[in-house]
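The file run_27.pdb contains PDB, C-alpha atoms, pLDDT in the B column:
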ATOM      1  CA  MET U 140       0.000   0.000   0.000  1.00 50.00           C
ATOM      2  CA  PHE U 141       2.844   2.391   0.870  1.00 48.00           C
ATOM      3  CA  LEU U 142       4.590   1.833  -2.467  1.00 46.00           C
ATOM      4  CA  LYS U 143       1.294   2.288  -4.331  1.00 45.00           C
ATOM      5  CA  ASN U 144       0.575   5.602  -2.551  1.00 50.00           C
ATOM      6  CA  TYR U 145       4.171   6.746  -3.080  1.00 43.00           C
ATOM      7  CA  THR U 146       3.959   5.965  -6.805  1.00 45.00           C
ATOM      8  CA  ILE U 147       0.653   7.854  -7.139  1.00 45.00           C
ATOM      9  CA  GLN U 148       2.082  10.906  -5.380  1.00 48.00           C
ATOM     10  CA  LEU U 149       5.224  10.803  -7.522  1.00 41.00           C
ATOM     11  CA  GLY U 150       3.075  10.677 -10.657  1.00 47.00           C
ATOM     12  CA  LYS U 151       1.069  13.694  -9.512  1.00 49.00           C
ATOM     13  CA  ASP U 152       4.271  15.648  -8.820  1.00 52.00           C
ATOM     14  CA  ILE U 153       5.574  14.886 -12.317  1.00 47.00           C
ATOM     15  CA  LEU U 154       2.296  15.912 -13.956  1.00 48.00           C
ATOM     16  CA  ILE U 155       2.311  19.219 -12.056  1.00 57.00           C
ATOM     17  CA  ARG U 156       5.982  20.105 -12.406  1.00 65.00           C
ATOM     18  CA  PHE U 157       6.766  18.860 -15.915  1.00 70.00           C
ATOM     19  CA  PRO U 158       4.444  21.265 -17.809  1.00 78.00           C
ATOM     20  CA  LYS U 159       5.819  24.177 -15.771  1.00 79.00           C
ATOM     21  CA  LYS U 160       9.387  23.188 -16.652  1.00 78.00           C
ATOM     22  CA  VAL U 161       8.503  22.935 -20.360  1.00 78.00           C
ATOM     23  CA  ALA U 162       6.820  26.356 -20.301  1.00 83.00           C
ATOM     24  CA  ARG U 163       9.808  27.863 -18.494  1.00 83.00           C
ATOM     25  CA  PHE U 164      12.177  26.390 -21.093  1.00 83.00           C
ATOM     26  CA  PHE U 165      10.339  28.064 -23.977  1.00 83.00           C
ATOM     27  CA  GLU U 166      10.353  31.301 -21.993  1.00 89.00           C
ATOM     28  CA  PHE U 167      14.097  30.822 -21.562  1.00 86.00           C
ATOM     29  CA  ILE U 168      14.595  30.454 -25.351  1.00 87.00           C
ATOM     30  CA  GLY U 169      12.682  33.700 -25.926  1.00 90.00           C
ATOM     31  CA  GLU U 170      14.833  35.502 -23.353  1.00 92.00           C
ATOM     32  CA  MET U 171      17.987  34.180 -24.973  1.00 91.00           C
ATOM     33  CA  ASN U 172      16.946  35.410 -28.413  1.00 93.00           C
ATOM     34  CA  ARG U 173      16.140  38.869 -27.032  1.00 95.00           C
ATOM     35  CA  PHE U 174      19.491  38.919 -25.246  1.00 93.00           C
ATOM     36  CA  LYS U 175      21.315  37.993 -28.491  1.00 91.00           C
ATOM     37  CA  LYS U 176      19.712  40.944 -30.272  1.00 93.00           C
ATOM     38  CA  LYS U 177      21.059  43.262 -27.570  1.00 94.00           C
ATOM     39  CA  SER U 178      24.494  41.656 -27.532  1.00 92.00           C
ATOM     40  CA  ASP U 179      27.604  43.832 -27.770  1.00 94.00           C
ATOM     41  CA  ASN U 180      29.404  40.873 -29.439  1.00 93.00           C
ATOM     42  CA  ARG U 181      32.062  40.524 -26.754  1.00 95.00           C
ATOM     43  CA  PHE U 182      31.085  36.856 -26.344  1.00 95.00           C
ATOM     44  CA  SER U 183      29.772  34.171 -28.659  1.00 94.00           C
ATOM     45  CA  ILE U 184      26.191  33.104 -27.861  1.00 92.00           C
ATOM     46  CA  LYS U 185      25.294  29.737 -29.383  1.00 92.00           C
ATOM     47  CA  TYR U 186      22.547  27.227 -28.774  1.00 90.00           C
ATOM     48  CA  ALA U 187      25.292  24.586 -28.470  1.00 93.00           C
ATOM     49  CA  ASP U 188      26.549  26.382 -25.350  1.00 94.00           C
ATOM     50  CA  ILE U 189      23.267  26.851 -23.514  1.00 90.00           C
ATOM     51  CA  TYR U 190      23.156  26.043 -19.810  1.00 92.00           C
ATOM     52  CA  PRO U 191      19.492  26.500 -18.801  1.00 89.00           C
ATOM     53  CA  CYS U 192      18.967  27.517 -15.146  1.00 88.00           C
ATOM     54  CA  LEU U 193      15.197  27.303 -15.010  1.00 86.00           C
ATOM     55  CA  GLY U 194      14.492  27.357 -11.284  1.00 84.00           C
ATOM     56  CA  ASP U 195      16.246  30.504 -10.103  1.00 88.00           C
ATOM     57  CA  LYS U 196      13.586  33.168 -10.770  1.00 85.00           C
ATOM     58  CA  MET U 197      12.525  33.794  -7.190  1.00 86.00           C
ATOM     59  CA  ALA U 198      11.687  36.767  -5.016  1.00 92.00           C
ATOM     60  CA  THR U 199      13.952  35.574  -2.202  1.00 92.00           C
ATOM     61  CA  THR U 200      17.000  33.312  -1.958  1.00 92.00           C
ATOM     62  CA  PRO U 201      15.960  29.783  -0.886  1.00 91.00           C
ATOM     63  CA  PHE U 202      18.038  27.892   1.664  1.00 92.00           C
ATOM     64  CA  ASP U 203      17.919  24.828   3.874  1.00 94.00           C
ATOM     65  CA  GLN U 204      16.855  26.182   7.268  1.00 96.00           C
ATOM     66  CA  HIS U 205      18.656  23.469   9.258  1.00 97.00           C
ATOM     67  CA  TYR U 206      21.952  23.613   7.411  1.00 96.00           C
ATOM     68  CA  ILE U 207      22.238  27.392   7.201  1.00 97.00           C
ATOM     69  CA  TYR U 208      21.264  28.270  10.757  1.00 98.00           C
ATOM     70  CA  HIS U 209      23.030  25.601  12.796  1.00 98.00           C
ATOM     71  CA  PRO U 210      26.580  26.267  11.455  1.00 98.00           C
ATOM     72  CA  ALA U 211      25.954  30.000  11.926  1.00 98.00           C
ATOM     73  CA  TRP U 212      24.932  29.303  15.528  1.00 98.00           C
ATOM     74  CA  ALA U 213      28.023  27.155  16.155  1.00 98.00           C
ATOM     75  CA  ALA U 214      30.363  29.736  14.617  1.00 98.00           C
ATOM     76  CA  ARG U 215      28.967  32.371  16.973  1.00 98.00           C
ATOM     77  CA  VAL U 216      29.611  30.107  19.953  1.00 98.00           C
ATOM     78  CA  LEU U 217      33.232  29.626  18.894  1.00 98.00           C
ATOM     79  CA  ALA U 218      33.579  33.384  18.399  1.00 97.00           C
ATOM     80  CA  LYS U 219      32.713  33.679  22.121  1.00 97.00           C
ATOM     81  CA  THR U 220      34.758  30.795  23.495  1.00 97.00           C
ATOM     82  CA  ARG U 221      37.812  31.298  21.223  1.00 97.00           C
ATOM     83  CA  PRO U 222      39.431  27.899  21.835  1.00 97.00           C
ATOM     84  CA  LYS U 223      43.087  27.417  20.871  1.00 96.00           C
ATOM     85  CA  PHE U 224      41.832  24.775  18.450  1.00 97.00           C
ATOM     86  CA  HIS U 225      38.545  23.021  17.726  1.00 98.00           C
ATOM     87  CA  ILE U 226      37.704  19.414  16.835  1.00 98.00           C
ATOM     88  CA  ASP U 227      34.775  18.815  14.498  1.00 98.00           C
ATOM     89  CA  ILE U 228      33.401  15.329  13.998  1.00 97.00           C
ATOM     90  CA  SER U 229      31.569  14.805  10.708  1.00 96.00           C
ATOM     91  CA  SER U 230      29.548  18.039  10.667  1.00 97.00           C
ATOM     92  CA  LYS U 231      28.840  20.010   7.495  1.00 95.00           C
ATOM     93  CA  LEU U 232      32.274  20.525   5.919  1.00 96.00           C
ATOM     94  CA  SER U 233      31.693  24.176   5.047  1.00 96.00           C
ATOM     95  CA  PHE U 234      31.436  24.932   8.783  1.00 98.00           C
ATOM     96  CA  SER U 235      35.049  23.845   9.329  1.00 97.00           C
ATOM     97  CA  THR U 236      36.364  25.589   6.229  1.00 97.00           C
ATOM     98  CA  ILE U 237      34.857  28.944   7.237  1.00 97.00           C
ATOM     99  CA  VAL U 238      35.565  28.824  10.978  1.00 97.00           C
ATOM    100  CA  SER U 239      39.191  27.844  10.284  1.00 97.00           C
ATOM    101  CA  ALA U 240      39.667  31.473   9.242  1.00 97.00           C
ATOM    102  CA  PHE U 241      39.725  32.433  12.937  1.00 96.00           C
ATOM    103  CA  VAL U 242      40.073  29.157  14.904  1.00 97.00           C
ATOM    104  CA  PRO U 243      42.380  26.259  13.936  1.00 97.00           C
ATOM    105  CA  ILE U 244      40.139  23.306  13.035  1.00 97.00           C
ATOM    106  CA  LYS U 245      40.762  19.581  12.913  1.00 97.00           C
ATOM    107  CA  PHE U 246      37.990  17.911  10.899  1.00 97.00           C
ATOM    108  CA  TYR U 247      37.445  14.182  11.381  1.00 96.00           C
ATOM    109  CA  ASP U 248      35.159  11.963   9.334  1.00 93.00           C
ATOM    110  CA  TYR U 249      34.741   8.363   8.227  1.00 87.00           C
ATOM    111  CA  ARG U 250      35.394   9.868   4.794  1.00 88.00           C
ATOM    112  CA  PRO U 251      38.197  12.454   5.324  1.00 91.00           C
ATOM    113  CA  ALA U 252      38.128  15.596   3.190  1.00 91.00           C
ATOM    114  CA  ASP U 253      41.097  16.230   0.887  1.00 93.00           C
ATOM    115  CA  MET U 254      41.370  19.956   1.681  1.00 89.00           C
ATOM    116  CA  GLN U 255      44.248  22.415   1.443  1.00 94.00           C
ATOM    117  CA  LEU U 256      43.532  25.401   3.673  1.00 96.00           C
ATOM    118  CA  SER U 257      45.530  27.089   6.402  1.00 97.00           C
ATOM    119  CA  ASN U 258      44.379  26.262   9.956  1.00 97.00           C
ATOM    120  CA  LEU U 259      42.457  23.196   8.694  1.00 97.00           C
ATOM    121  CA  GLU U 260      43.434  19.538   8.997  1.00 96.00           C
ATOM    122  CA  SER U 261      41.359  16.500   8.083  1.00 96.00           C
ATOM    123  CA  SER U 262      41.764  12.900   9.222  1.00 96.00           C
ATOM    124  CA  PHE U 263      39.845   9.641   9.523  1.00 95.00           C
ATOM    125  CA  ALA U 264      37.718   8.959  12.599  1.00 93.00           C
ATOM    126  CA  ASP U 265      35.075   6.421  13.572  1.00 92.00           C
ATOM    127  CA  LEU U 266      32.492   7.991  15.870  1.00 93.00           C
ATOM    128  CA  ASN U 267      32.224   4.747  17.795  1.00 92.00           C
ATOM    129  CA  ALA U 268      35.966   4.732  18.524  1.00 94.00           C
ATOM    130  CA  LEU U 269      37.343   8.274  18.466  1.00 96.00           C
ATOM    131  CA  PRO U 270      41.165   8.482  18.269  1.00 95.00           C
ATOM    132  CA  PHE U 271      41.569  10.714  21.327  1.00 97.00           C
ATOM    133  CA  GLU U 272      42.489  10.174  24.943  1.00 97.00           C
ATOM    134  CA  SER U 273      39.697  10.529  27.475  1.00 98.00           C
ATOM    135  CA  ASN U 274      39.182  14.067  28.814  1.00 98.00           C
ATOM    136  CA  SER U 275      41.613  15.492  26.246  1.00 98.00           C
ATOM    137  CA  GLN U 276      39.732  17.880  23.931  1.00 98.00           C
ATOM    138  CA  PRO U 277      38.776  21.436  24.965  1.00 98.00           C
ATOM    139  CA  SER U 278      36.299  22.144  22.172  1.00 98.00           C
ATOM    140  CA  VAL U 279      34.343  19.615  20.090  1.00 98.00           C
ATOM    141  CA  SER U 280      31.378  19.727  17.718  1.00 98.00           C
ATOM    142  CA  CYS U 281      29.275  17.006  16.147  1.00 98.00           C
ATOM    143  CA  MET U 282      26.309  18.486  14.311  1.00 98.00           C
ATOM    144  CA  HIS U 283      23.457  16.856  12.374  1.00 98.00           C
ATOM    145  CA  THR U 284      25.380  13.565  12.428  1.00 97.00           C
ATOM    146  CA  ILE U 285      24.525  11.374  15.428  1.00 97.00           C
ATOM    147  CA  GLU U 286      20.949  10.850  14.238  1.00 97.00           C
ATOM    148  CA  HIS U 287      22.242   8.751  11.313  1.00 96.00           C
ATOM    149  CA  ILE U 288      24.584   6.394  13.181  1.00 95.00           C
ATOM    150  CA  GLY U 289      23.537   2.743  13.013  1.00 94.00           C
ATOM    151  CA  LEU U 290      20.785   3.116  10.415  1.00 95.00           C
ATOM    152  CA  GLY U 291      22.882   1.818   7.517  1.00 92.00           C
ATOM    153  CA  ARG U 292      22.289   4.894   5.372  1.00 91.00           C
ATOM    154  CA  TYR U 293      26.005   5.443   4.750  1.00 86.00           C
ATOM    155  CA  GLY U 294      27.013   1.806   4.707  1.00 84.00           C
ATOM    156  CA  ASP U 295      27.522   1.721   8.467  1.00 87.00           C
ATOM    157  CA  VAL U 296      26.697  -1.334  10.574  1.00 91.00           C
ATOM    158  CA  LEU U 297      23.031  -1.622  11.568  1.00 95.00           C
ATOM    159  CA  ASP U 298      22.871  -0.841  15.280  1.00 96.00           C
ATOM    160  CA  PRO U 299      19.782   0.498  17.099  1.00 96.00           C
ATOM    161  CA  GLN U 300      22.103   1.888  19.794  1.00 97.00           C
ATOM    162  CA  GLY U 301      24.698   3.295  17.415  1.00 96.00           C
ATOM    163  CA  ASP U 302      23.752   6.855  18.344  1.00 97.00           C
ATOM    164  CA  LEU U 303      24.144   6.184  22.083  1.00 98.00           C
ATOM    165  CA  LYS U 304      27.582   4.643  21.545  1.00 97.00           C
ATOM    166  CA  ALA U 305      28.672   7.678  19.528  1.00 97.00           C
ATOM    167  CA  ILE U 306      27.346  10.071  22.183  1.00 98.00           C
ATOM    168  CA  ALA U 307      29.298   8.150  24.831  1.00 98.00           C
ATOM    169  CA  GLU U 308      32.455   8.675  22.766  1.00 98.00           C
ATOM    170  CA  LEU U 309      31.832  12.409  22.444  1.00 98.00           C
ATOM    171  CA  LYS U 310      31.320  12.708  26.190  1.00 98.00           C
ATOM    172  CA  ARG U 311      34.449  10.671  26.865  1.00 98.00           C
ATOM    173  CA  VAL U 312      36.889  12.796  24.869  1.00 98.00           C
ATOM    174  CA  VAL U 313      35.786  16.289  26.016  1.00 98.00           C
ATOM    175  CA  GLN U 314      38.025  17.581  28.780  1.00 98.00           C
ATOM    176  CA  GLN U 315      36.694  18.813  32.103  1.00 98.00           C
ATOM    177  CA  GLY U 316      35.443  22.364  31.549  1.00 98.00           C
ATOM    178  CA  GLY U 317      35.465  21.799  27.781  1.00 98.00           C
ATOM    179  CA  ASP U 318      32.667  22.594  25.336  1.00 98.00           C
ATOM    180  CA  LEU U 319      30.602  20.316  23.111  1.00 98.00           C
ATOM    181  CA  LEU U 320      28.356  21.632  20.345  1.00 98.00           C
ATOM    182  CA  PHE U 321      25.684  19.115  19.409  1.00 98.00           C
ATOM    183  CA  VAL U 322      22.953  19.530  16.783  1.00 98.00           C
ATOM    184  CA  THR U 323      20.203  17.083  15.891  1.00 98.00           C
ATOM    185  CA  PRO U 324      16.604  16.920  14.622  1.00 98.00           C
ATOM    186  CA  VAL U 325      14.101  17.412  17.440  1.00 98.00           C
ATOM    187  CA  GLY U 326      10.368  16.873  17.830  1.00 98.00           C
ATOM    188  CA  ARG U 327       8.260  13.763  18.416  1.00 97.00           C
ATOM    189  CA  PRO U 328      10.765  10.943  19.104  1.00 98.00           C
ATOM    190  CA  ARG U 329      10.898   8.491  16.186  1.00 98.00           C
ATOM    191  CA  ILE U 330      13.082   6.899  13.515  1.00 97.00           C
ATOM    192  CA  GLU U 331      12.354   7.851   9.909  1.00 97.00           C
ATOM    193  CA  TYR U 332      14.135   4.804   8.566  1.00 97.00           C
ATOM    194  CA  ASN U 333      16.735   4.896   7.186  1.00 95.00           C
ATOM    195  CA  ALA U 334      17.248   8.650   7.016  1.00 95.00           C
ATOM    196  CA  HIS U 335      17.525   9.752  10.643  1.00 97.00           C
ATOM    197  CA  ARG U 336      16.259   9.767  14.208  1.00 98.00           C
ATOM    198  CA  VAL U 337      14.252  12.626  15.715  1.00 98.00           C
ATOM    199  CA  TYR U 338      14.790  13.245  19.453  1.00 98.00           C
ATOM    200  CA  SER U 339      12.838  14.907  22.222  1.00 98.00           C
ATOM    201  CA  PHE U 340      14.546  17.617  24.280  1.00 98.00           C
ATOM    202  CA  GLU U 341      14.377  15.327  27.309  1.00 98.00           C
ATOM    203  CA  GLN U 342      16.134  12.499  25.478  1.00 98.00           C
ATOM    204  CA  VAL U 343      19.069  14.696  24.496  1.00 98.00           C
ATOM    205  CA  MET U 344      19.403  16.048  28.022  1.00 98.00           C
ATOM    206  CA  GLU U 345      19.344  12.522  29.449  1.00 98.00           C
ATOM    207  CA  TYR U 346      21.938  11.220  26.996  1.00 98.00           C
ATOM    208  CA  PHE U 347      24.360  14.073  27.754  1.00 98.00           C
ATOM    209  CA  SER U 348      23.931  14.032  31.539  1.00 98.00           C
ATOM    210  CA  PRO U 349      25.763  15.241  33.636  1.00 98.00           C
ATOM    211  CA  PHE U 350      27.005  17.867  31.141  1.00 98.00           C
ATOM    212  CA  GLN U 351      25.762  21.416  31.779  1.00 98.00           C
ATOM    213  CA  LEU U 352      23.542  23.015  29.133  1.00 98.00           C
ATOM    214  CA  MET U 353      24.976  26.446  28.301  1.00 98.00           C
ATOM    215  CA  ASP U 354      22.581  27.277  25.470  1.00 98.00           C
ATOM    216  CA  PHE U 355      19.704  25.723  23.586  1.00 98.00           C
ATOM    217  CA  SER U 356      18.582  27.315  20.335  1.00 98.00           C
ATOM    218  CA  LEU U 357      16.035  26.083  17.830  1.00 98.00           C
ATOM    219  CA  VAL U 358      15.179  26.171  14.153  1.00 98.00           C
ATOM    220  CA  PRO U 359      11.408  25.544  14.312  1.00 98.00           C
ATOM    221  CA  ASP U 360       9.272  23.876  11.659  1.00 98.00           C
ATOM    222  CA  GLU U 361       8.069  27.202  10.291  1.00 96.00           C
ATOM    223  CA  GLY U 362      11.656  28.373   9.785  1.00 95.00           C
ATOM    224  CA  GLY U 363      13.680  31.151  11.301  1.00 97.00           C
ATOM    225  CA  PHE U 364      15.990  30.892  14.290  1.00 98.00           C
ATOM    226  CA  ILE U 365      15.119  31.147  17.990  1.00 98.00           C
ATOM    227  CA  ALA U 366      18.131  31.908  20.185  1.00 98.00           C
ATOM    228  CA  ASN U 367      17.889  30.761  23.806  1.00 97.00           C
ATOM    229  CA  ALA U 368      14.711  28.888  22.922  1.00 98.00           C
ATOM    230  CA  ASN U 369      12.190  27.604  25.437  1.00 98.00           C
ATOM    231  CA  PRO U 370      12.654  23.795  25.541  1.00 98.00           C
ATOM    232  CA  SER U 371       8.865  23.364  25.699  1.00 98.00           C
ATOM    233  CA  LEU U 372       8.755  24.358  22.024  1.00 98.00           C
ATOM    234  CA  VAL U 373      10.420  21.089  21.016  1.00 98.00           C
ATOM    235  CA  SER U 374       7.345  18.948  21.668  1.00 97.00           C
ATOM    236  CA  LYS U 375       5.425  21.093  19.172  1.00 97.00           C
ATOM    237  CA  GLN U 376       7.876  20.429  16.334  1.00 98.00           C
ATOM    238  CA  HIS U 377       7.645  17.774  13.663  1.00 98.00           C
ATOM    239  CA  TYR U 378      11.230  18.156  12.405  1.00 98.00           C
ATOM    240  CA  GLY U 379      12.931  21.011  14.194  1.00 98.00           C
ATOM    241  CA  CYS U 380      16.670  21.543  14.523  1.00 98.00           C
ATOM    242  CA  GLY U 381      17.949  21.612  18.087  1.00 98.00           C
ATOM    243  CA  CYS U 382      21.266  23.333  18.809  1.00 98.00           C
ATOM    244  CA  PHE U 383      22.781  22.312  22.167  1.00 98.00           C
ATOM    245  CA  TRP U 384      25.902  23.869  23.696  1.00 98.00           C
ATOM    246  CA  PHE U 385      27.094  21.622  26.525  1.00 98.00           C
ATOM    247  CA  ARG U 386      29.969  22.109  28.970  1.00 98.00           C
ATOM    248  CA  LYS U 387      31.589  19.199  30.817  1.00 98.00           C
TER     249      LYS U 387
END

As structure tokens, how would this structure be written, given the file I've shared?
Amino acid sequence: MFLKNYTIQLGKDILIRFPKKVARFFEFIGEMNRFKKKSDNRFSIKYADIYPCLGDKMATTPFDQHYIYHPAWAARVLAKTRPKFHIDISSKLSFSTIVSAFVPIKFYDYRPADMQLSNLESSFADLNALPFESNSQPSVSCMHTIEHIGLGRYGDVLDPQGDLKAIAELKRVVQQGGDLLFVTPVGRPRIEYNAHRVYSFEQVMEYFSPFQLMDFSLVPDEGGFIANANPSLVSKQHYGCGCFWFRK
């Protein structure tokens, strides 16, 4: 029944979107011909070279609410704490590349990034066995990552407790008085297999006990960013983005 309903919905989406794309393409051809007539001949303009960008006519710039706001939040935390160096475990790579402009970053991932930037290093790490001594790292982040561990999405071993094992590793390596930035989907607790888990506020707090919560901020379902958010808002979310700053 699920596959039947999914197929029907997919067919409806195609029927709605395809005619709009075709109409936009013919509009694009008309715009190109008008542009050619106005050309100052500094460049060749040929149909063989066309590169149609048909979805960019918008009143505002679209963006992924989760993945724009949470790195911006984390960067602002690091601008306050100013650690001598920062360890990031498998978060969005652009976060490390940008923040390395003012804080030395060591980026670790199961799939290391081949990057050449000053103040940025990248190495292999398994979240279930981090290559650090216990209580050794002053500043660590792991953002929009833990919710995937153990679901097999990235070829990892199927493990219903994979997220808890990874959280235990994060807690282990942070030094006393050190900071941990953790980001994850929040709302009604569930697994949307095999994409991700969604956690309640209470679950996250339990898993990171006895760490102290320094800040909780939220990207709610309707979008936008709520700094120092009221935790009671989490239960009202379907797929919010919870930003937790913990101190050990």

Write out, as a Markdown table, each residue of segment 269-321 of chain U that has an atom at most 9 Å from segment 366-384 of chain U, together with the closest pair of atoms and their distance in Å to one decimal, counting all atoms listed in the file, rows going by chain and rising number.
| residue | atom | partner | partner_atom | distance |
| --- | --- | --- | --- | --- |
| U:Met282 | CA | U:Cys382 | CA | 8.3 |
| U:His283 | CA | U:Cys380 | CA | 8.5 |
| U:Asp318 | CA | U:Trp384 | CA | 7.1 |
| U:Leu319 | CA | U:Trp384 | CA | 5.9 |
| U:Leu320 | CA | U:Trp384 | CA | 4.7 |
| U:Phe321 | CA | U:Phe383 | CA | 5.1 |

The PyMOL selection byres ((chain U and resi 353) around 7) resolved against shown file, as a PyMOL selection string: chain U and resi 351-352+354+384-386

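The two atoms in question, atom CA of Lys223 of chain U and atom CA of Gln255 of chain U, are spaced 20.1 Å apart.
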
Show me, as AutoDock Vina command-line options, the centre and edge lengths in Å to one decimal of the axis-aligned box that covers every listed atom of segment 217-230 of chain U with 6 Å on each side.
--center_x 36.3 --center_y 24.2 --center_z 17.1 --size_x 25.5 --size_y 30.9 --size_z 24.8

Determine, using all atoms listed in the file, which residues of segment 183-236 of chain U have any atom at most 12 Å from an atom of segment 322-332 of chain U, and tabulate each with its shortest atom pair and distance in Å to one decimal place, rows ordered by chain and then rising number, as a tab-separated table.
residue	atom	partner	partner_atom	distance
U:Gln204	CA	U:Pro324	CA	11.8
U:His205	CA	U:Pro324	CA	8.7
U:Tyr206	CA	U:Val322	CA	10.3
U:Tyr208	CA	U:Val322	CA	10.7
U:His209	CA	U:Val322	CA	7.3
U:Pro210	CA	U:Val322	CA	9.3
U:Ala211	CA	U:Val322	CA	11.9
U:Trp212	CA	U:Val322	CA	10.1
U:Ala213	CA	U:Val322	CA	9.2
U:Ile228	CA	U:Val322	CA	11.6
U:Ser229	CA	U:Val322	CA	11.6
U:Ser230	CA	U:Val322	CA	9.1
U:Lys231	CA	U:Val322	CA	11.0

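A straight line drawn from atom CA of Asn333 of chain U to atom CA of Ala268 of chain U is 22.3 Å long.
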
All residues 12 Å or closer to Gly316 of chain U, all atoms listed in the file, same chain fewer than 4 positions away omitted, as a compact mmCIF listing (two decimals) with C-alpha atoms, keeping the file's coordinate frame:
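Ended up saving to around-v4.txt:
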# COMPACT_ATOMS: atom_id res chain seq x y z
CA THR U 220 34.76 30.80 23.50
CA PRO U 222 39.43 27.90 21.84
CA ASN U 274 39.18 14.07 28.81
CA SER U 275 41.61 15.49 26.25
CA GLN U 276 39.73 17.88 23.93
CA PRO U 277 38.78 21.44 24.96
CA SER U 278 36.30 22.14 22.17
CA VAL U 279 34.34 19.61 20.09
CA LYS U 310 31.32 12.71 26.19
CA VAL U 312 36.89 12.80 24.87
CA PHE U 350 27.00 17.87 31.14
CA GLN U 351 25.76 21.42 31.78
CA MET U 353 24.98 26.45 28.30
CA PHE U 385 27.09 21.62 26.52
CA ARG U 386 29.97 22.11 28.97
CA LYS U 387 31.59 19.20 30.82

query: Got a sec: who's within 6 Å of Glu286 of chain U, counting only C-alpha atoms, leaving out chain neighbours fewer than 2 positions off, as a list in words?
result: Thr284, Ile288, His335 and Arg336 of chain U

Could the residues in this selection be saved with C-alpha atoms as a PDB file, keeping the file's coordinate frame?
ATOM      1  CA  THR U 284      25.380  13.565  12.428  1.00 97.00           C
ATOM      2  CA  ILE U 288      24.584   6.394  13.181  1.00 95.00           C
ATOM      3  CA  HIS U 335      17.525   9.752  10.643  1.00 97.00           C
ATOM      4  CA  ARG U 336      16.259   9.767  14.208  1.00 98.00           C
TER       5      ARG U 336
END

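Proximity of U:Ser183, U:Arg163, U:Arg173, U:Gly363 to Asp203 of chain U, computed with only C-alpha atoms, is greatest for U:Gly363.
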
- request: Please measure the separation of atom CA of Pro158 of chain U and atom CA of Met197 of chain U, giving the value in Å to one decimal.
  value: 18.3 Å

- request: Please evaluate the PyMOL selection byres ((chain U and resi 264-267) around 6) against the displayed coordinates and give the resulting residues as a list in words.
  value: Tyr247, Asp248, Tyr249, Phe263, Ala268, Leu269, Lys304 and Ala305 of chain U

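Candidate residues U:Val358, U:Leu232, U:Cys281, U:Leu290 were compared for distance to Ala252 of chain U, and the nearest is U:Leu232, using only C-alpha atoms.
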
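Here the selection is built from only C-alpha atoms, and the residues within 9 Å of (45.9, 25.6, 8.2) turn out to be Ser239, Ala240, Pro243, Ile244, Gln255, Leu256, Ser257, Asn258, Leu259 and Glu260 of chain U.
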